[in-house]
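The structure under discussion appears below in the form of structure tokens.
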Amino acid sequence: MLNRKLLLLAILVLSLSPTVQAADDTAKFLDAMRARGHYELALDFLTDAQDSRLVSEDFKKRISYERGVTLLSMWQVTPSAAERDRLTAQIKAELDAYAAANANTPGAADAQQQLAGLLTQIAARDLAALEAKASPPSDAAEIKKQARNKFVEARKLLQDVEKSLVEQLGKYDKQLDPKTQAKEIADRRAMRERLANVRRLVSEVLFFQGETYDAKSADAKKLYTQAADEFQALYDKYDGYGVGFTARVKQGECYLRMGEMKKASGCFEDVIVRGAEADVFRSQVTEALALQAEILLADKDYNALLEKQGQWLTTIRPPELRQPDWLELSYYVAEAKRAKAADPETKDTEKRKLKTEAFDHYTAVAKLPGKFQNDARQILATEFEGVEADDRRRVKTFDEAMQAAKDAIQSMNAAQQTLPAAKRNNPDGVAALEERAATGKQDAIHYLDVAGTLVDDDTEVAKLNERRWLTCWLYWQDEEFHRSAVLAEFIARRYPEDPQASGAAQVALASYQSLFNEAIKQGSDAGKAEATKLKDLASFITRRWGEAALGERAFIILLDFSIRDREFDVALELVNQLPEDQRAVFQARIANAMWGAQLRAASENDTSVDRAALRERAIKLITESFDAVAADPASADVLATSALYLTLARLEAGEYQQAIQLLEDPKKGPIALSKTNNPVASRAAYAAEAYKAALRAYVSVIPPDTDKAVASMAELEKAVGNGNPEKLTKVYLQLGVQLQQQIKDLQAAGKTEEAKRVSEAFVAFLDKLNERGSSDPTVRLWIAQTYYRLAEGLEGDASAKDVRAQYYSSAADSFKQILADENSGLAGGRLLGVKLLYAQTLRHAGKYEEAMKQFEAILSEKEMTIAAQTAAAYTLQEWGETSDASKFNEAMMGSGPLNEKGKHVVWGWNYLSKVASSVARTRPNLSQQYRELFYEAWLNIAKISYLRAEKGEDKAALLKRARKQVADMVRTQPGLLNTPIRGQYDDLMKSIQRARGEPTTGLKELLEEDN
């Protein structure tokens, strides 16, 4: 235990010095080399960086610090004591030099922390070596004393770091403005987290001082007692955070050392019970369970151990298989199962099961270095069938190791190449081949690692690069892309003339591509570092191997990333480097991306994008390249996209006749292309977009061509598939949204008359369809929904009040007819959706009583329909605001018929908030959705307090209540500040402040109070 705990402590000390860590690519590249053990490469890199123009000046200023950190990482894996002593002197020199050059700065504190880590590691090594001896040597007491002194010195250094962090935090203003000082707030938060961890380390070093005394001595007890008190203080200060939970575990470990088992188990139980449901506390819970297992095993309480620790062990995840706490937990569970299996009262069938499971646990522990590895091996050898011996051949020279690695790779390749045939013809032999391939890969990695230890001054660079190449290739095979990327890029850049260089460049490019693809799965903002590295490497490859296929691939990657990152000028500059006759298709790709970017900006309401400028450039580039792209058979996919976007551009510009001409072009028009085997246009989705554009054009042109619009609608139904009403409904809804957006764009451009004409033409088209009385329920539903969307689009326009009422009336009539038709084909979720839309239409028309009858009917049948519950609450709230103030109470507390439990089927905001809170807590897959519903419910609870105050009820008290409701939400639910609803909370707060005669600062007032 001592060995493992000390090493972990040293690692923690070294991992908490972020001040001098940069976010630039240079630091990331250096960190990757260190993380993969390429220390010599890292030191060479730092030497080169001193004079490199590609390295930032900020990074150059901390090269001595980075050298110290790199040497310290090398120290950790150096087996020779003499070599470690030599490295120790170098580490101290580098870190002392950095601290001296940066006295009284955060960087100096970082250097002190690294020195504390070094002292801790030296003490850990010495104590681990002492612990490994069969019997204590004569100088054991002196070794422990020296280790103790190093801990004392390390604790002092860490206390200095703590003092420095407190001083740095004191320089921040007590109140920071989230709008203008977001970075300062984030930096302060990070520094507070670091301070908490440093305080924990200060106490952990004290604990390990106690470990250097005899466990039962008064000196040990004194240190354990002091450490326990410090951990208690940390637990009280940081309760509910990772630092607090870790402190509680360490406090329990202090009591464990002092033999106070009840107190120890209580500490562990606190962490287990409170942290088990939160993934963020998983490591603390596992450590607590492992330590508690030690107590349960000593008490022979095997059933309790298996029920709690055994159950937790079943949740182990692949990345945790090698972690010390999980290995220790596996060992304790194995011990409990072995003991249960030996119990005469255990049934024979249960004994066999327990013994088999214990064998699996022991085997997992025996395979990996750890506290119980030797114990597990001994048990397997004496009580089970034993473990297989290592039959790898011994090598003495670099060349022998390399040959052994190549032989292993050949064996692996042979097995992998035989596998496909075996799966077809000899399934029974597949398992053996897979095992052979895996063994070959493991042996190859082993021998390549051994070769690395046999390098001397006479080893040729070509042979070193061959080893590096084989190593990075195996990393690539094993999908360890970060390792393969770093090593392969080193070969390509440092030795571009080497025979392995182009292959290495290809592996590096593919590795970074894989890393990027994996990163972006985490979200649209992820993968920035990987993208930067990939673009930089692609640029290097383009310059170095530009004429080769590898260079062409790198060029395409550069272009794709420039397009992806919306660096359109960069992309066009790349294209302009090509021969003129090769530019058109790439120019069109960029233009299509520009058009797509402005469409996304519109759908995401991203005002940071100048949509008009992007559209103008895209149209110009598409127009310039269109004929050349149309004449190139190899560019059919680009042509299809360009033709559709150019059609949409003409529609947006009001050039309806030109849009129709392009749509109907027999060779390059979207309609004609949709009927060919074009790789893009032949898709049903493309045809649907083409016919939606056609329908818009025929409705908008002067005079409207209603017959062609109806014909386009029929073709649209064919393209989507008549047998798929849900999909067809979705397409029609999209069409309605597009037409509504077209009308809005015309209004925004000041073309009010044209907007009115298009709107009236579209309504006339809908009226004509309505008059024809389509028997297709999907079409009828679309007509009703489109009336609804058109009315919705006129919200806020006082001059359009009568028109909006007419549209809502038409929508309500249409919905009512559909619901009255027994042959509508509506059922289940679709029927419920139409009923809900009908109720919403009545609500927006101000027919609240009729709307509530519909909502009550829906909720009497499907009470858990959250969309209906929310809409019903809004209906009652709007009813209260416009005419009947008594409805405010129903909006809060519910209304309508009672269910079998005696509760109203319409819940109201109060009960909605409780349901949302409960679901958010217990259903992880729905937590975000219901958390936002919780925010929305409380927003409206506060708003009702405000509205009641505005209507003359106990104004002062209600405004005070509304303010408190908003304040409580902002303070207890900080997550709402990162959601769109923040703006509504801010607006409500300003309204409350205005009503109270206070400055209208909104949420800023509350946030300043918190800061």
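Here's how to read the names in the structure tokens: chain A, B, ... by the order shown, residue numbers from 1 in each chain, ligand numbers from 1 in the order shown.
Once Asp160 (chain A) and its same-chain neighbours fewer than 5 positions away are set aside, Ala109, Gln112, Gln113, Arg155 and Leu165 of chain A remain within 9 Å of it when counting only C-alpha atoms.
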For the residues selected in the previous step, produce a file with N, CA, C and O atoms as a JSON list (two decimals), in the first residue's frame.
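Below you can see result.json, which holds the result:
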[["chain", "number", "residue", "atom", "x", "y", "z"],
["A", 109, "ALA", "N", 5.94, 29.59, -8.22],
["A", 109, "ALA", "CA", 5.20, 28.63, -7.40],
["A", 109, "ALA", "C", 5.08, 27.29, -8.11],
["A", 109, "ALA", "O", 5.16, 26.22, -7.48],
["A", 112, "GLN", "N", 8.28, 25.47, -7.65],
["A", 112, "GLN", "CA", 8.33, 24.93, -6.29],
["A", 112, "GLN", "C", 7.50, 23.65, -6.19],
["A", 112, "GLN", "O", 7.91, 22.69, -5.53],
["A", 113, "GLN", "N", 6.37, 23.65, -6.85],
["A", 113, "GLN", "CA", 5.51, 22.47, -6.78],
["A", 113, "GLN", "C", 6.16, 21.28, -7.48],
["A", 113, "GLN", "O", 6.07, 20.14, -7.01],
["A", 155, "ARG", "N", 6.38, 19.30, 2.07],
["A", 155, "ARG", "CA", 5.20, 19.94, 2.68],
["A", 155, "ARG", "C", 5.40, 21.45, 2.78],
["A", 155, "ARG", "O", 4.49, 22.23, 2.50],
["A", 165, "LEU", "N", -0.83, 30.97, -4.04],
["A", 165, "LEU", "CA", -2.15, 30.92, -4.67],
["A", 165, "LEU", "C", -3.15, 31.82, -3.95],
["A", 165, "LEU", "O", -3.98, 32.49, -4.58]]
Report task. Using DSSP on the backbone coordinates, identify the residues of region 765-868 of chain A assigned to alpha helix (DSSP H); present them as an MDAnalysis selection string. Result -> chainID A and resid 765:772 777:793 801:820 828:844 848:861 866:868
Report task. For Trp326 (chain A), list every protein, DNA or RNA residue within 7 Å, evaluated using only C-alpha atoms, and leave out those in the same chain fewer than 5 positions away; present the list as a PyMOL selection string. Result -> chain A and resi 286+320-321
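By chain and then residue number, the residues within 10 Å of Arg650 (chain A) are A:Ile619, A:Tyr645, A:Leu646, A:Gly654, A:Glu655, A:Tyr656, A:Gln657, A:Gln658, A:Ala659, A:Ile660, A:Leu662, A:Ala697, counting only C-alpha atoms and disregarding those fewer than 4 positions away in sequence.
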Requested in this report: Kindly indicate which residue among A:Ala867, A:Ala653, A:Asp821, A:Ala618 lies nearest to Ala839 (chain A), using only C-alpha atoms for the distances.
Outcome: A:Ala867
Query - Within 7 Å of Glu890 (chain A) using only C-alpha atoms, minus same-chain residues under 4 positions, as a PyMOL selection string - result: chain A and resi 876+894-895+908
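For the residues A:Ser283, A:Gln416, A:Ser814, A:Thr623, ranking by smallest atom-to-atom distance to Thr246 (chain A) using only C-alpha atoms places A:Ser283 first.
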Residue contacts of Leu30 (chain A) (10 Å, only C-alpha atoms) excluding same-chain residues fewer than 2 positions away, as a PDB file with N, CA and C atoms, in the first residue's frame:
ATOM      1  N   ASP A  25       0.085  24.967 -29.875  1.00  0.00           N
ATOM      2  CA  ASP A  25       0.414  23.660 -30.434  1.00  0.00           C
ATOM      3  C   ASP A  25       1.770  23.168 -29.954  1.00  0.00           C
ATOM      4  N   THR A  26       2.717  24.072 -29.734  1.00  0.00           N
ATOM      5  CA  THR A  26       4.051  23.672 -29.298  1.00  0.00           C
ATOM      6  C   THR A  26       3.957  22.913 -27.979  1.00  0.00           C
ATOM      7  N   ALA A  27       3.234  23.470 -27.019  1.00  0.00           N
ATOM      8  CA  ALA A  27       3.101  22.820 -25.716  1.00  0.00           C
ATOM      9  C   ALA A  27       2.361  21.501 -25.829  1.00  0.00           C
ATOM     10  N   LYS A  28       1.336  21.471 -26.657  1.00  0.00           N
ATOM     11  CA  LYS A  28       0.561  20.236 -26.825  1.00  0.00           C
ATOM     12  C   LYS A  28       1.433  19.142 -27.443  1.00  0.00           C
ATOM     13  N   ALA A  32       2.538  15.665 -25.632  1.00  0.00           N
ATOM     14  CA  ALA A  32       2.291  14.362 -26.257  1.00  0.00           C
ATOM     15  C   ALA A  32       3.560  13.515 -26.255  1.00  0.00           C
ATOM     16  N   MET A  33       4.701  14.126 -26.558  1.00  0.00           N
ATOM     17  CA  MET A  33       5.960  13.377 -26.541  1.00  0.00           C
ATOM     18  C   MET A  33       6.276  12.872 -25.133  1.00  0.00           C
ATOM     19  N   ARG A  34       6.071  13.731 -24.145  1.00  0.00           N
ATOM     20  CA  ARG A  34       6.339  13.304 -22.769  1.00  0.00           C
ATOM     21  C   ARG A  34       5.381  12.206 -22.341  1.00  0.00           C
ATOM     22  N   ALA A  35       4.112  12.366 -22.717  1.00  0.00           N
ATOM     23  CA  ALA A  35       3.110  11.380 -22.317  1.00  0.00           C
ATOM     24  C   ALA A  35       3.408  10.012 -22.895  1.00  0.00           C
ATOM     25  N   HIS A  38       8.743   9.717 -24.950  1.00  0.00           N
ATOM     26  CA  HIS A  38       9.815  10.103 -25.876  1.00  0.00           C
ATOM     27  C   HIS A  38      10.603  11.288 -25.280  1.00  0.00           C
ATOM     28  N   TYR A  39      11.293  11.009 -24.177  1.00  0.00           N
ATOM     29  CA  TYR A  39      11.931  12.105 -23.438  1.00  0.00           C
ATOM     30  C   TYR A  39      13.138  12.681 -24.171  1.00  0.00           C
ATOM     31  N   LEU A  41      13.583  12.774 -27.349  1.00  0.00           N
ATOM     32  CA  LEU A  41      13.033  13.590 -28.437  1.00  0.00           C
ATOM     33  C   LEU A  41      12.543  14.932 -27.894  1.00  0.00           C
ATOM     34  N   ALA A  42      11.893  14.881 -26.736  1.00  0.00           N
ATOM     35  CA  ALA A  42      11.373  16.112 -26.139  1.00  0.00           C
ATOM     36  C   ALA A  42      12.504  17.073 -25.788  1.00  0.00           C
ATOM     37  N   LEU A  43      13.616  16.541 -25.244  1.00  0.00           N
ATOM     38  CA  LEU A  43      14.751  17.403 -24.899  1.00  0.00           C
ATOM     39  C   LEU A  43      15.396  17.986 -26.150  1.00  0.00           C
ATOM     40  N   PHE A  45      13.842  18.529 -28.909  1.00  0.00           N
ATOM     41  CA  PHE A  45      12.858  19.503 -29.388  1.00  0.00           C
ATOM     42  C   PHE A  45      13.014  20.837 -28.645  1.00  0.00           C
ATOM     43  N   LEU A  46      13.203  20.765 -27.316  1.00  0.00           N
ATOM     44  CA  LEU A  46      13.364  21.987 -26.527  1.00  0.00           C
ATOM     45  C   LEU A  46      14.655  22.719 -26.893  1.00  0.00           C
ATOM     46  N   GLU A  66      10.227  23.690 -18.751  1.00  0.00           N
ATOM     47  CA  GLU A  66       9.831  22.504 -19.510  1.00  0.00           C
ATOM     48  C   GLU A  66      10.942  21.454 -19.513  1.00  0.00           C
ATOM     49  N   THR A  70      10.527  17.736 -18.127  1.00  0.00           N
ATOM     50  CA  THR A  70      10.867  16.588 -18.982  1.00  0.00           C
ATOM     51  C   THR A  70      11.883  15.685 -18.296  1.00  0.00           C
ATOM     52  N   VAL A 486       2.279  11.214 -33.108  1.00  0.00           N
ATOM     53  CA  VAL A 486       3.459  11.937 -32.611  1.00  0.00           C
ATOM     54  C   VAL A 486       4.745  11.334 -33.172  1.00  0.00           C
TER      55      VAL A 486
END
Query - Contacts of region 376-382 of chain A within 6 Å, only C-alpha atoms, excl. fewer than 3 positions in-chain, as JSON, numbers by chain - result: {"A": [362, 366, 372, 373, 386]}
Take the residues from that selection and put them in a file with N, CA and C atoms, as a CSV table (one decimal), in the first residue's frame.
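Result file result-v4.csv:
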chain,number,residue,atom,x,y,z
A,362,TYR,N,-8.3,-13.1,-9.5
A,362,TYR,CA,-6.9,-13.2,-9.2
A,362,TYR,C,-6.0,-13.1,-10.4
A,366,ALA,N,-3.0,-10.6,-11.0
A,366,ALA,CA,-1.7,-11.1,-11.2
A,366,ALA,C,-1.0,-10.6,-12.5
A,372,PHE,N,-1.0,-6.3,-4.8
A,372,PHE,CA,-1.3,-7.7,-4.5
A,372,PHE,C,-0.9,-8.6,-5.7
A,373,GLN,N,-0.1,-8.1,-6.6
A,373,GLN,CA,0.3,-8.9,-7.8
A,373,GLN,C,1.0,-10.2,-7.3
A,386,GLY,N,-2.6,-22.3,-12.0
A,386,GLY,CA,-1.4,-21.5,-12.3
A,386,GLY,C,-1.5,-20.6,-13.5
Query raised in the report: Just how far from CA of Ala49 (chain A) is CA of Glu480 (chain A), in Å to one decimal?
Result: 26.8 Å
